[in-house]
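Structure first, commentary second.
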Protein chains: 2
Amino acid sequence: MRTVTFLPSYRKIDVARGTTILDAAQRAGLNLNVVCGGQGKCGKCVVYIQSGKTEFDKEKYGRFFTPAELANGACLACATLVQGDLQVMVPESTLIQEQKILVEGEDNPIDFRPSVRKYFVELHPPTLSDPSPDLSRLLWGIQKSGGPEAEKMYVPLEVLRVIPAILRHSDWKVTATIGLVPGGYRLIDLQENDTSGRVYGAAVDLGSTTVVVYLWNLVTGKVAGVASNYNKQIGCGEDILARVNYARKNGLTRLQALAAESINSAITSACNTAGIDRDDIYEVVVSGNTVMTHMLLGIDPAYMIAEPYVPVVRRALSVAASRIGIACNPNGGVFAFPAVSDFIGGDIIADILACGMADREEISLLIDIGTNFEVVLGNQEWMFSCAGAAGPALEGGEVLFGMRANPGAIEKITIDYATLAPKFTTINNVKPRGICGSGLIDLLAELLKACVIDRMGRINTDIDNPRIRITGHFPEYVIAWAKETDIGKDLVITENDIKNLIMSKASVHAACVTLMKEAGISRHEISTIYFAGAFGNYLDKKNAITIGLIPEIEIGQIRNLGNGAVVGSNIALVNRRVRKQLDEIAHKIGYIELNAETAFMDEYTSSSFLPHTDLDLFPGVQKMLETCRIRRG
Amino acid sequence: MRTVTFLPSYRKIDVARGTTILDAAQRAGLNLNVVCGGQGKCGKCVVYIQSGKTEFDKEKYGRFFTPAELANGACLACATLVQGDLQVMVPESTLIQEQKILVEGEDNPIDFRPSVRKYFVELHPPTLSDPSPDLSRLLWGIQKSGGPEAEKMYVPLEVLRVIPAILRHSDWKVTATIGLVPGGYRLIDLQENDTSGRVYGAAVDLGSTTVVVYLWNLVTGKVAGVASNYNKQIGCGEDILARVNYARKNGLTRLQALAAESINSAITSACNTAGIDRDDIYEVVVSGNTVMTHMLLGIDPAYMIAEPYVPVVRRALSVAASRIGIACNPNGGVFAFPAVSDFIGGDIIADILACGMADREEISLLIDIGTNFEVVLGNQEWMFSCAGAAGPALEGGEVLFGMRANPGAIEKITIDYATLAPKFTTINNVKPRGICGSGLIDLLAELLKACVIDRMGRINTDIDNPRIRITGHFPEYVIAWAKETDIGKDLVITENDIKNLIMSKASVHAACVTLMKEAGISRHEISTIYFAGAFGNYLDKKNAITIGLIPEIEIGQIRNLGNGAVVGSNIALVNRRVRKQLDEIAHKIGYIELNAETAFMDEYTSSSFLPHTDLDLFPGVQKMLETCRIRRG
């Protein structure tokens, strides 16, 4: 065994030689960022070895670091094996941050109405003159202690069987855990003595890459711990489609177990850090996309990936945790968010909860962008949703020097309109290696404002500037000269890249407009646009409007939700009333199949301009572009 | 393998050499009477070997038969091993007879409202323009076919998981089984194609000795088959107390499994006979005494056999059949009758259902006599109950020549008042070997009427008759001379026997009166007395009143319920409304602890006369006895 000491917290853990630092950290209760699932691809889990022997392949993973960083002991936790006793520094930026919980304006506290409560009861033992059965005695005791009516409490067999022994072992002083279930109450658990302060719940965002767990103290209403873990299904396929195909070939058992294990690891890690016994968790609320939810529940997702694309179930489901292998109290339950369709899943319903749009009269537009995008428009009365493929361009794919938001990615950029020289910042402030989604949106908007490209995305090769040139087939703009980069060659954006970006942004905008037309509303009636997911966090909102990614509204009306899926899970966990409404919300949401809508195709064509063919829809952008043109002359 | 052919039905079965004929018969679907549980003790499972080789210990079991019977091939099926191919005649009297179902007067049919129904639905397959999820599609189909509202149907995970494959394999033509559960409906099962005619339920009387099962077709409302089996727990102890002690020592697992196996054997046997698939049974309703019910459910019964005698639970319980190992549809359920106390169990609640006393304004008195007795008094408004030890005298125990109701037992007897010579009939019309319960009650009444005994049960030794004599310590009356018997000695009843009988009958009568006093009613207000169980079937009702076993009412108002426990189970199985009321009925029944009632002790003393110290309570008997006395002079 080797001892790994993590700094600055000085947490220690003994692990076998050959363990990855990532595993060691998770077992020590530290939650490192592992977007890629610990495959050495994302470069997020950076740590610094202060002392001790490790095995790390610098050839393979050195590209994530500058020589100076490597000299300081930088390595990827997921790709570094423990060889001797170690001291490892974990920078703040490598730890997963707690999400801020946002409900109807950040100042409103969450309405705390948990559905599980414990009652400590002291009973009189039975006597010849009071020989009522153990169960009646207990239920009356609970009722007298402020619990539900004795007759309304359902008692499952597994609890019933342990009642007599527990009552007698504890000298008739016990703690009963009561949960609210459809149509009444359920005696979930019975423990000896007073454990009434120990009631926990877990809110889970089951993503296809990452699992995030929030542990709540359901007595105090406070978060007790947070943990995350990569989704262990990654071994069965990187994306959803690959995993569904794996299930078709090999059955669902392994994928189901891996989904549960991924959640369990995160729960265990959060419990260890917070010093909580897993058996004190009585409820687990899970939001995930429709395929992930099917897999976790062991329901075949195969019919969602082929025509006519149908899920098996979309209603919310409550199941015994033990039935799906979730590690909490043996009598605990799991609540899975409902879905609208195969593409609008429980994660989007959770986003809707997180932004509160279903509670308000004002109309909101919710946008979640990844390789696919989902859009929801509506208010407390009505909602429409749609989903589509954004293509990978907005995430840095299908772009020559595009990359994910990893160290060395240009994340922000401006262009001097006179010299056309760019000014940018990269992630981790190292020499640039590429450009990620937020940088690409900035770049597109800046190139447009600098009149380097026209509204169709064509580069004006008439401009006499060394940064504008034709190499190979396409005109291109040089963002950084070879010597300024970490890759030893000119970092450019090509006209083809720009076309791909425009196609992606056009899809998203066309989807928004299709929903607005379906609802018969104009952009003026939208009170707020919410970006869910990581995409919104780094995005320059003004530039997003400039390129026509989203309808033009006031910048102040655009908000970032962050991880709305986990926020929504949190809300549903701590408020039983909300949970009851979820099916109703899901049911209310109309789903528009974009491929079946000619309106969408028309709108897609109109949106394939910067910002749009119809500039009346973007009056602010029009005005700005006019200023730019005048300035440029 | 040996082939056993049962006559007169010509049912054949192949069994291994050494199998008992009882086992062979059960596997062939024949339900033989085995009161003792197949231990060779009760002599009920009489069969006649017509041809073939068997192994049967005549030394040990010959006492059950006359030489003529033995010459005809008579043997006990439970104690006879198959050696060669056999032809076995099964007399009608050896088969368990179907119980007549009695509800509020024999002419009323049972109100048929089953809680499980099947719906055959033909669905449209999903298309791109109708991509609703499998579950929604199915539930809407069920609703359209006359089933419950789609939103109100709960679907357990195990069914949900099989839905997509079944829908597609069956080309979207499926049969859904819907059960009524508290607060809504449950999709219990989904099958391919149209199986809507195949819905069965089983009503079970789980006795400590015998298990009786009625199989009901829940579509037609007809009994599809009946079977019985001994309770396999007998190997862990003959009586309840012994079994609870076994459980305390060895745990409950084996007893739980044996209870389930006993039910399963009977269900299987009934299914085989009726040609029904066990998987088509969706509901099993079980009535049993409180200890048997606890054992079947795997709930510790230990606390019921020691002070302060408390059961764990008394409410009705619905559990998944698979949880307790009952062999029916994997998603089927078991409903267990509620109890009132450790001594007034689900079997008595079933008796109450069977006689309908909880539905009527008139007051009824229900009496179930075995080694213990249970008494319930009341009507639709109120009920009181009590239980006590009758002692074994009424069943032929604690009486010198007392015996169970086996072949050779005197079951009916009259005495010539002039000669004091008895006239009797024995079971199977063989030479007498002893006297059973019904014979003893007759004898007591006849001896009283013949003035052989006085009202304290003392034999009048002044009477000059060879049948009245003193041998050893006690005066005695000779029922049969040695040469008339099968046992080669004088068959007598002693004064001590009579004292024991009076103590037993006094307990029962005192219990009845204690309840009547508690309710403040007189015997005139009792409209009907019901005898539950086998005891009442053979009892001379008039003599029961003559000796003061029960309060004096009109003979016509006394009814035999037969096996009320299985009748009650039947009623609860086929009528969901009745099942809902059971907890209410059980709750309404007050339980009087006789040992804590001084009124009971006083009444016991007063009842220890024939018929009672207070003859005003038995005016008919008083009048009759006066006539007898006058006649005798």
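FYI, nothing fancy with the structure tokens labels: chains A, B, ... in order, residues from 1 per chain, ligands from 1 as they appear.
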
Interface, chain B side, toward chain A (7 Å; only C-alpha atoms) as a PyMOL selection string: chain B and resi 126-128+131-135+161+164+183+298-300+307-314

All helix (DSSP H, G or I) residues (DSSP, backbone) inside region 41-190 of chain B, as a ChimeraX atom specification: /B:58-64,67-71,77-79,92-94,134-144,150-152,157-169

May I have the residues from that selection written out with C-alpha atoms, as a compact mmCIF listing (two decimals), in the first residue's frame?
```
# COMPACT_ATOMS: atom_id res chain seq x y z
CA LYS B 58 -50.41 -54.28 9.11
CA GLU B 59 -49.06 -54.67 12.65
CA LYS B 60 -48.85 -50.95 13.04
CA TYR B 61 -51.85 -49.71 11.11
CA GLY B 62 -54.14 -52.76 11.18
CA ARG B 63 -56.08 -51.24 14.07
CA PHE B 64 -57.82 -48.90 11.63
CA PRO B 67 -60.05 -58.23 9.15
CA ALA B 68 -62.60 -58.21 6.33
CA GLU B 69 -61.42 -54.78 5.19
CA LEU B 70 -57.79 -55.86 5.33
CA ALA B 71 -58.70 -58.93 3.30
CA ALA B 77 -52.50 -44.31 1.53
CA CYS B 78 -50.02 -42.36 3.66
CA ALA B 79 -48.42 -45.49 5.11
CA GLU B 92 -65.75 -41.55 -2.15
CA SER B 93 -65.48 -41.11 1.62
CA THR B 94 -61.68 -40.78 1.38
CA ASP B 134 -45.08 2.19 -25.51
CA LEU B 135 -46.55 2.61 -22.05
CA SER B 136 -48.87 5.49 -22.98
CA ARG B 137 -49.99 3.61 -26.09
CA LEU B 138 -50.77 0.53 -24.03
CA LEU B 139 -52.55 2.33 -21.20
CA TRP B 140 -54.68 4.32 -23.62
CA GLY B 141 -55.56 1.09 -25.37
CA ILE B 142 -56.64 -0.44 -22.08
CA GLN B 143 -58.72 2.60 -21.24
CA LYS B 144 -60.37 2.49 -24.66
CA ALA B 150 -54.68 5.58 -18.21
CA GLU B 151 -53.33 8.03 -15.64
CA LYS B 152 -54.65 5.99 -12.75
CA LEU B 157 -40.92 -1.99 -12.90
CA GLU B 158 -40.96 -5.72 -13.64
CA VAL B 159 -43.92 -5.30 -15.98
CA LEU B 160 -42.61 -2.08 -17.48
CA ARG B 161 -39.42 -3.85 -18.47
CA VAL B 162 -41.19 -6.49 -20.55
CA ILE B 163 -43.66 -4.18 -22.28
CA PRO B 164 -41.64 -3.23 -25.39
CA ALA B 165 -40.68 -6.79 -26.32
CA ILE B 166 -44.18 -8.21 -25.70
CA LEU B 167 -45.87 -5.47 -27.74
CA ARG B 168 -43.61 -6.14 -30.71
CA HIS B 169 -43.54 -9.94 -30.51
```

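Counting from CA of Gly620 (chain B), the distance to CA of Asp462 (chain B) is 27.5 Å.
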
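The two atoms in question, CA of Gly370 (chain B) and CA of Ala532 (chain B), are spaced 9.9 Å apart.
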